[in-house]
Amino acid sequence: MSTLRIFDTATRSQREFEPVRPGHASIYLCGATPQSQPHIGHLRSGVAFDILRRWLSAQGYDVALVRNVTDIDDKILTKAAENNRPWWEWVSTYEREFTKAYNTLGVLPPSVEPRATGFVTQMVEYMQRLIDAGFAYAVPNGTAGGEDDSGSVYFDVAAWNATEGSDYGSLSGNRVEEMEQGETDNAGKRSPQDFALWKAAKPGEPSWPTPWGRGRPGWHLECSAMSTYYLGGEFDIHCGGLDLQFPHHENEIAQSHAAGDKFANYWMHNHWVTMAGEKMSKSLGNVLSIANMLEIVRPVELRYYLGSAHYRSVLEYSEAALTEAAAGYRRIEDFVGKFENVEKGEWTPAFEEAMNDDIAVPKALAEIHTTVRAGNKALSEGNREEAKRLAGAVRAMAAVLGFDPLDEQWKDSGEESGAEAALDVLVRAELERRTTARAEKDWATADAVRDRLAAAGITITDTADGPTWSLAD
């Protein structure tokens with residue numbers, strides 16, 4: 001029996017997985033910053049590491065997966081202010097959209113999903129540890145651009161880098177003197193390389209009290225506080241997108257090690273979804289929302305597509321690639337559907353070896369399709385018993401990848417998608433009428449549309465990209 005081998009970004013090598021606690025696997029995944037609608041670039045990470053989690057569970061590990069929500073952030077505050085909405089309402093609206101998208105694609109709920117704003121106490125304690133150790137410093141009394149009773153706290157990169165235990169820059173491969181933190185509030189910093197643990201309060205922004213003045217969390221500190229609170233000062237795997245290596249993950253490592261925590265033993269990074277060779281992002285205007293994708297394929301087919309490439313490889317989006325992946329899934333679905341009450345069997349040795357080879361999903365998928373072809377051949381030869389056995393193996397392997405055709409998650413998914421699409425057409429027509437009425441200052445008609453939809457159990461949310469709708473809980 002082979003052993004799981006993980007490509008560890010920190011060592012740039014494959015290493016056998018040896019958990020901190022035998023029989024247990026602890027994972028921290030950098031989750032969403034809910035500032036707008038989720039797109040397939042966001043969801044690729046969720047699907048990729050859901051497969052990791054499912055494989056560990058299938059191997060008998062008791063898995064604890066922490067996936068955070070960054071619910072306080074410069075971009076969130078900016079978006080909310082631009083749309084004249086409370087920041088907490090804005091982030092909650094899109095957090096629900098992310099949760100809906102995860103559920104739609106069959107991503108298992110995390111063991112816990114902490115929000116950054118719920119961990120201010122732990123962050124204050126973390127900063128105190130760093131200040132006491134000589135690796136952080138406070139800039140109080142508004143000198144960092146905040147209000148008079150505010151204060152910022154910065155991590156002292158030079159002080160940490162001067163210690164024997166420093167490995168700053170090793171994860172990303174950057175040289176310290178060339179690192180740019182990308183922070184706009186730099187007043188009071190001793191060096192441009194230093195990064196904010198705590199940001200001084202500004203007028204109109206949310207803030208919390210600390211011994212060094214009022215302010216709000218710095219992005220990097222949030223994850224160290226949340227991960228170690230739930231998983232301890234040493235845990236197994238830290239996951240996230242490739243673009244988070246620097247500054248986010250590099251800074252997490254520095255502050256955690258400087259505070260005396262061993263932190264993560266393995267680092268796993270998923271690559272991007274690209275379109276026309278460019279990383280999918282809002283700024284490029286090439287965002288493909290989950291809702292738009294589900295007009296082309298079913299949820300299970302989108303799941304299959306997003307998980308089909310190796311997690312460390314670029315997934316280049318095209319509609320042709322999406323529909324080709326959907327056709328591949330349907331070949332699996334059609335084969336399994338030829339049997340009634342087929343139970344999950346055992347995966348093949350080749351599938352196990354593929355999954356233990358740094359979660360090599362393309363190899364695992366090839367083995368599933370090889371098994372499907374063998375099953376169809378057995379059927380054509382009249383050997384239904386052997387074909388059914390192979391169908392059970394296909395179910396077992398597909399379940400690990402999260403798209404078992406007979407799983408309750410995917411039953412009637414096509415019918416539900418069609419019904420939702422039909423409802424979407426009707427609701428959007430009403431929303432267009434409301435938008436036109438508001439533009440013409442016909443408030444009576446606009447309110448009538450809103451009230452009619454509300455009476456039907458439909459909630460409207462006005463966003464920067466126009467109104468969206470959802471079914472009320």
# chains A, B, ... in the order shown; residues from 1 in each chain; ligands from 1

$ residues_around --residues "Val69 of chain A" --least-positions-apart "3" --cutoff "8 Å" --atoms "only C-alpha atoms" --output "list in words"
Cys30, Gly31, Ala32, Thr33, Pro34, Glu95, Glu113, Pro114, Arg115 and Ala116 of chain A

$ residues_around --residues "Ala387 of chain A" --least-positions-apart "5" --cutoff "12 Å" --atoms "only C-alpha atoms" --output "list in words"
Phe335, Val336, Gly337, Lys338, Phe339, Val342, Gly345, Thr371, Val372, Arg373, Ala374, Gly375, Asn376, Lys377, Ala378, Leu379, Ser380, Glu381, Gly382, Gly392, Ala393 and Val394 of chain A

$ write_last_selection --atoms "C-alpha atoms" --output "mmCIF file, in the first residue's frame"
data_model
loop_
_atom_site.group_PDB
_atom_site.id
_atom_site.type_symbol
_atom_site.label_atom_id
_atom_site.label_comp_id
_atom_site.auth_asym_id
_atom_site.auth_seq_id
_atom_site.Cartn_x
_atom_site.Cartn_y
_atom_site.Cartn_z
ATOM 1 C CA PHE A 335 -22.195 3.568 -17.270
ATOM 2 C CA VAL A 336 -23.089 3.619 -13.569
ATOM 3 C CA GLY A 337 -26.737 4.315 -14.491
ATOM 4 C CA LYS A 338 -27.001 0.977 -16.294
ATOM 5 C CA PHE A 339 -27.280 -0.797 -12.939
ATOM 6 C CA VAL A 342 -24.994 -0.850 -7.320
ATOM 7 C CA GLY A 345 -16.860 -1.137 -4.195
ATOM 8 C CA THR A 371 -12.542 1.141 -15.622
ATOM 9 C CA VAL A 372 -15.649 2.476 -17.375
ATOM 10 C CA ARG A 373 -14.390 1.151 -20.718
ATOM 11 C CA ALA A 374 -13.645 -2.236 -19.137
ATOM 12 C CA GLY A 375 -17.144 -2.281 -17.675
ATOM 13 C CA ASN A 376 -18.796 -1.472 -20.986
ATOM 14 C CA LYS A 377 -16.706 -4.187 -22.641
ATOM 15 C CA ALA A 378 -17.848 -6.681 -20.008
ATOM 16 C CA LEU A 379 -21.451 -5.695 -20.687
ATOM 17 C CA SER A 380 -21.021 -6.169 -24.436
ATOM 18 C CA GLU A 381 -19.661 -9.648 -23.740
ATOM 19 C CA GLY A 382 -22.643 -10.509 -21.544
ATOM 20 C CA GLY A 392 -19.018 -0.272 -7.863
ATOM 21 C CA ALA A 393 -15.312 0.533 -8.250
ATOM 22 C CA VAL A 394 -16.177 3.544 -10.395
#

$ select_by_dssp --residues "segment 97-314 of chain A" --states "strand (DSSP E)" --output "ChimeraX atom specification"
/A:136-140,151-155,195-200,215-217,234-241,263-270,273-275,278-279

$ write_last_selection --atoms "N, CA and C atoms" --output "short mmCIF file (atom, residue, chain, number, x, y, z; two decimals), in the first residue's frame"
data_model
loop_
_atom_site.label_atom_id
_atom_site.label_comp_id
_atom_site.auth_asym_id
_atom_site.auth_seq_id
_atom_site.Cartn_x
_atom_site.Cartn_y
_atom_site.Cartn_z
N ALA A 136 7.94 43.03 16.99
CA ALA A 136 6.84 43.90 16.55
C ALA A 136 6.91 45.19 17.36
N TYR A 137 6.34 46.25 16.82
CA TYR A 137 6.36 47.54 17.51
C TYR A 137 5.07 48.29 17.22
N ALA A 138 4.65 49.10 18.18
CA ALA A 138 3.41 49.87 18.05
C ALA A 138 3.73 51.30 17.63
N VAL A 139 2.82 51.86 16.84
CA VAL A 139 2.91 53.27 16.42
C VAL A 139 1.60 53.92 16.88
N PRO A 140 1.57 54.52 18.07
CA PRO A 140 0.31 54.98 18.66
C PRO A 140 -0.07 56.40 18.30
N GLY A 151 -4.04 53.31 16.94
CA GLY A 151 -2.65 52.89 16.88
C GLY A 151 -2.46 51.73 15.91
N SER A 152 -1.32 51.72 15.25
CA SER A 152 -0.95 50.61 14.38
C SER A 152 0.12 49.77 15.06
N VAL A 153 0.20 48.52 14.67
CA VAL A 153 1.27 47.63 15.13
C VAL A 153 1.87 46.97 13.89
N TYR A 154 3.21 47.01 13.81
CA TYR A 154 3.90 46.46 12.65
C TYR A 154 4.83 45.32 13.05
N PHE A 155 4.99 44.37 12.15
CA PHE A 155 5.99 43.32 12.33
C PHE A 155 7.34 43.86 11.87
N PHE A 195 5.39 44.87 7.86
CA PHE A 195 3.98 44.75 7.47
C PHE A 195 3.06 44.92 8.66
N ALA A 196 1.83 45.34 8.37
CA ALA A 196 0.87 45.69 9.42
C ALA A 196 0.28 44.45 10.07
N LEU A 197 0.38 44.40 11.38
CA LEU A 197 -0.37 43.42 12.17
C LEU A 197 -1.71 44.00 12.59
N TRP A 198 -1.72 45.31 12.77
CA TRP A 198 -2.92 46.02 13.23
C TRP A 198 -2.93 47.39 12.57
N LYS A 199 -4.08 47.79 12.03
CA LYS A 199 -4.18 49.06 11.30
C LYS A 199 -4.93 50.09 12.13
N ALA A 200 -4.34 51.26 12.27
CA ALA A 200 -4.96 52.33 13.06
C ALA A 200 -6.33 52.70 12.51
N GLY A 215 -8.26 50.20 16.26
CA GLY A 215 -7.91 49.89 14.89
C GLY A 215 -8.64 48.63 14.44
N ARG A 216 -8.12 48.05 13.37
CA ARG A 216 -8.71 46.82 12.84
C ARG A 216 -7.60 45.87 12.41
N PRO A 217 -7.93 44.59 12.24
CA PRO A 217 -6.89 43.59 12.00
C PRO A 217 -6.15 43.79 10.68
N GLU A 234 1.30 23.88 16.12
CA GLU A 234 1.86 23.07 15.04
C GLU A 234 0.74 22.25 14.45
N PHE A 235 0.55 22.36 13.15
CA PHE A 235 -0.49 21.55 12.49
C PHE A 235 0.05 21.05 11.16
N ASP A 236 -0.76 20.28 10.44
CA ASP A 236 -0.25 19.52 9.30
C ASP A 236 -0.10 20.34 8.02
N ILE A 237 -1.21 20.80 7.46
CA ILE A 237 -1.19 21.35 6.10
C ILE A 237 -1.83 22.73 6.06
N HIS A 238 -1.17 23.66 5.40
CA HIS A 238 -1.75 24.98 5.12
C HIS A 238 -1.95 25.06 3.61
N CYS A 239 -3.17 25.37 3.19
CA CYS A 239 -3.53 25.42 1.76
C CYS A 239 -3.94 26.82 1.35
N GLY A 240 -3.85 27.08 0.06
CA GLY A 240 -4.32 28.35 -0.47
C GLY A 240 -3.91 28.52 -1.92
N GLY A 241 -4.32 29.62 -2.51
CA GLY A 241 -4.00 29.91 -3.90
C GLY A 241 -2.54 30.30 -4.08
N PHE A 263 3.98 26.16 13.50
CA PHE A 263 3.02 26.46 12.43
C PHE A 263 2.86 25.25 11.50
N ALA A 264 2.67 25.48 10.19
CA ALA A 264 2.31 24.40 9.27
C ALA A 264 3.53 23.57 8.87
N ASN A 265 3.33 22.25 8.77
CA ASN A 265 4.41 21.36 8.35
C ASN A 265 4.48 21.16 6.84
N TYR A 266 3.35 21.39 6.16
CA TYR A 266 3.30 21.27 4.70
C TYR A 266 2.53 22.46 4.14
N TRP A 267 2.98 22.93 2.97
CA TRP A 267 2.30 24.03 2.29
C TRP A 267 1.88 23.56 0.90
N MET A 268 0.58 23.70 0.61
CA MET A 268 0.04 23.29 -0.69
C MET A 268 -0.63 24.50 -1.35
N HIS A 269 -0.29 24.75 -2.61
CA HIS A 269 -0.84 25.90 -3.33
C HIS A 269 -1.46 25.45 -4.65
N ASN A 270 -2.70 25.84 -4.86
CA ASN A 270 -3.35 25.56 -6.14
C ASN A 270 -3.07 26.68 -7.13
N VAL A 273 -7.17 29.65 -12.35
CA VAL A 273 -7.97 29.49 -13.56
C VAL A 273 -7.65 30.69 -14.44
N THR A 274 -7.28 30.44 -15.68
CA THR A 274 -6.95 31.54 -16.59
C THR A 274 -7.89 31.53 -17.79
N MET A 275 -7.96 32.66 -18.45
CA MET A 275 -8.71 32.78 -19.69
C MET A 275 -7.89 33.63 -20.63
N GLU A 278 -4.58 34.78 -19.10
CA GLU A 278 -4.51 35.72 -17.99
C GLU A 278 -5.30 35.21 -16.80
N LYS A 279 -4.78 35.47 -15.59
CA LYS A 279 -5.45 35.06 -14.37
C LYS A 279 -6.83 35.70 -14.27
#

$ closest_residue --among "A:Ser166, A:Ser172, A:Thr78, A:Thr436" --to "His248 of chain A" --atoms "only C-alpha atoms"
A:Ser172

$ closest_residue --among "A:Glu180, A:Glu205, A:Asp407, A:Asp185" --to "Glu343 of chain A" --atoms "only C-alpha atoms"
A:Asp407

$ atom_distance --atom1 "atom CA of Ala320 of chain A" --atom2 "atom CA of Gly106 of chain A"
22.9 Å

$ atom_distance --atom1 "atom CA of Tyr94 of chain A" --atom2 "atom CA of Arg428 of chain A"
19.1 Å

$ residues_around --residues "segment 445-454 of chain A" --least-positions-apart "4" --cutoff "10 Å" --atoms "only C-alpha atoms" --output "PyMOL selection string"
chain A and resi 427+430-441+458-460+469+471-472

$ select_by_dssp --residues "segment 206-454 of chain A" --states "alpha helix (DSSP H)" --output "VMD selection string"
chain A and resid 219 to 231 250 to 258 290 to 293 299 to 308 319 to 336 349 to 356 361 to 380 384 to 401 413 to 439 443 to 454

$ write_last_selection --atoms "C-alpha atoms" --output "short mmCIF file (atom, residue, chain, number, x, y, z; two decimals), in the first residue's frame"
data_model
loop_
_atom_site.label_atom_id
_atom_site.label_comp_id
_atom_site.auth_asym_id
_atom_site.auth_seq_id
_atom_site.Cartn_x
_atom_site.Cartn_y
_atom_site.Cartn_z
CA TRP A 219 -4.79 40.52 6.90
CA HIS A 220 -1.82 38.29 7.73
CA LEU A 221 -2.34 38.29 11.48
CA GLU A 222 -5.92 37.04 11.10
CA CYS A 223 -4.92 33.67 9.69
CA SER A 224 -2.17 32.96 12.22
CA ALA A 225 -4.58 33.69 15.06
CA MET A 226 -7.43 31.58 13.66
CA SER A 227 -5.37 28.60 12.50
CA THR A 228 -3.43 28.18 15.73
CA TYR A 229 -6.54 28.71 17.88
CA TYR A 230 -8.26 25.70 16.30
CA LEU A 231 -5.37 23.51 15.19
CA GLU A 250 5.28 34.46 3.77
CA ASN A 251 4.14 36.91 6.44
CA GLU A 252 2.06 34.27 8.22
CA ILE A 253 5.14 32.08 8.55
CA ALA A 254 7.32 34.95 9.79
CA GLN A 255 4.96 36.17 12.50
CA SER A 256 4.04 32.63 13.61
CA HIS A 257 7.64 31.43 13.86
CA ALA A 258 8.65 34.69 15.56
CA ILE A 290 -21.01 30.27 -11.04
CA ALA A 291 -24.53 31.22 -12.15
CA ASN A 292 -23.34 31.80 -15.71
CA MET A 293 -21.49 28.49 -15.79
CA PRO A 299 -23.39 21.60 -11.06
CA VAL A 300 -21.82 18.13 -10.97
CA GLU A 301 -20.30 18.71 -14.42
CA LEU A 302 -18.84 22.04 -13.30
CA ARG A 303 -17.40 20.29 -10.26
CA TYR A 304 -15.86 17.64 -12.51
CA TYR A 305 -14.31 20.34 -14.71
CA LEU A 306 -12.83 22.43 -11.87
CA GLY A 307 -11.26 19.37 -10.27
CA SER A 308 -10.03 17.74 -13.48
CA GLU A 319 -16.40 26.84 -23.15
CA ALA A 320 -15.15 24.01 -25.36
CA ALA A 321 -13.05 22.63 -22.49
CA LEU A 322 -16.01 22.93 -20.13
CA THR A 323 -18.41 21.07 -22.43
CA GLU A 324 -15.76 18.42 -23.15
CA ALA A 325 -15.37 17.83 -19.41
CA ALA A 326 -19.16 17.58 -19.06
CA ALA A 327 -19.21 14.94 -21.78
CA GLY A 328 -16.50 13.02 -19.91
CA TYR A 329 -18.57 13.04 -16.74
CA ARG A 330 -21.67 11.87 -18.61
CA ARG A 331 -19.79 8.80 -19.86
CA ILE A 332 -19.17 7.86 -16.23
CA GLU A 333 -22.76 8.67 -15.28
CA ASP A 334 -24.21 6.66 -18.18
CA PHE A 335 -22.20 3.57 -17.27
CA VAL A 336 -23.09 3.62 -13.57
CA PRO A 349 -4.51 0.10 -7.06
CA ALA A 350 -3.76 2.47 -9.96
CA PHE A 351 -6.29 4.99 -8.60
CA GLU A 352 -4.77 4.79 -5.13
CA GLU A 353 -1.27 5.32 -6.48
CA ALA A 354 -2.46 8.34 -8.48
CA MET A 355 -4.10 9.95 -5.45
CA ASN A 356 -1.07 9.28 -3.27
CA VAL A 361 -6.39 13.83 -10.29
CA PRO A 362 -5.69 13.60 -14.06
CA LYS A 363 -4.16 10.14 -13.52
CA ALA A 364 -7.04 9.19 -11.22
CA LEU A 365 -9.59 10.30 -13.83
CA ALA A 366 -7.78 8.28 -16.49
CA GLU A 367 -8.10 5.22 -14.28
CA ILE A 368 -11.83 5.86 -13.77
CA HIS A 369 -12.38 6.07 -17.54
CA THR A 370 -10.27 2.95 -18.08
CA THR A 371 -12.54 1.14 -15.62
CA VAL A 372 -15.65 2.48 -17.38
CA ARG A 373 -14.39 1.15 -20.72
CA ALA A 374 -13.64 -2.24 -19.14
CA GLY A 375 -17.14 -2.28 -17.68
CA ASN A 376 -18.80 -1.47 -20.99
CA LYS A 377 -16.71 -4.19 -22.64
CA ALA A 378 -17.85 -6.68 -20.01
CA LEU A 379 -21.45 -5.69 -20.69
CA SER A 380 -21.02 -6.17 -24.44
CA ARG A 384 -23.09 -8.31 -16.28
CA GLU A 385 -21.77 -9.44 -12.90
CA GLU A 386 -18.23 -8.27 -13.72
CA ALA A 387 -19.57 -5.04 -15.19
CA LYS A 388 -21.54 -4.36 -12.00
CA ARG A 389 -18.42 -4.98 -9.90
CA LEU A 390 -16.57 -2.44 -12.01
CA ALA A 391 -19.44 0.03 -11.63
CA GLY A 392 -19.02 -0.27 -7.86
CA ALA A 393 -15.31 0.53 -8.25
CA VAL A 394 -16.18 3.54 -10.40
CA ARG A 395 -18.58 4.80 -7.71
CA ALA A 396 -15.89 4.44 -5.04
CA MET A 397 -13.34 6.37 -7.07
CA ALA A 398 -15.81 9.04 -8.20
CA ALA A 399 -16.90 9.57 -4.58
CA VAL A 400 -13.31 10.43 -3.60
CA LEU A 401 -13.30 13.11 -6.29
CA SER A 413 -29.53 18.15 -10.43
CA GLY A 414 -30.49 18.62 -14.06
CA GLU A 415 -34.16 19.16 -13.23
CA GLU A 416 -33.35 21.59 -10.46
CA SER A 417 -31.00 23.51 -12.74
CA GLY A 418 -33.71 23.79 -15.40
CA ALA A 419 -36.30 24.98 -12.89
CA GLU A 420 -33.91 27.55 -11.47
CA ALA A 421 -33.04 28.76 -14.95
CA ALA A 422 -36.72 29.23 -15.80
CA LEU A 423 -37.35 31.07 -12.53
CA ASP A 424 -34.28 33.22 -13.16
CA VAL A 425 -35.68 34.37 -16.53
CA LEU A 426 -38.98 35.40 -14.92
CA VAL A 427 -37.38 37.17 -11.95
CA ARG A 428 -34.85 39.02 -14.09
CA ALA A 429 -37.68 40.40 -16.22
CA GLU A 430 -39.23 41.81 -13.06
CA LEU A 431 -35.89 43.23 -11.94
CA GLU A 432 -35.43 44.97 -15.29
CA ARG A 433 -38.88 46.52 -14.88
CA ARG A 434 -37.89 47.69 -11.39
CA THR A 435 -34.56 49.12 -12.66
CA THR A 436 -36.36 51.05 -15.41
CA ALA A 437 -38.96 52.35 -12.97
CA ARG A 438 -36.26 53.57 -10.56
CA ALA A 439 -34.39 55.30 -13.38
CA TRP A 443 -41.16 54.71 -7.15
CA ALA A 444 -44.65 53.23 -6.93
CA THR A 445 -43.94 50.71 -9.69
CA ALA A 446 -40.46 49.91 -8.32
CA ASP A 447 -41.87 49.28 -4.85
CA ALA A 448 -44.70 47.16 -6.27
CA VAL A 449 -42.20 44.90 -8.06
CA ARG A 450 -40.12 44.55 -4.90
CA ASP A 451 -43.18 43.74 -2.78
CA ARG A 452 -44.49 41.22 -5.31
CA LEU A 453 -41.19 39.37 -5.37
CA ALA A 454 -40.94 39.47 -1.58
#
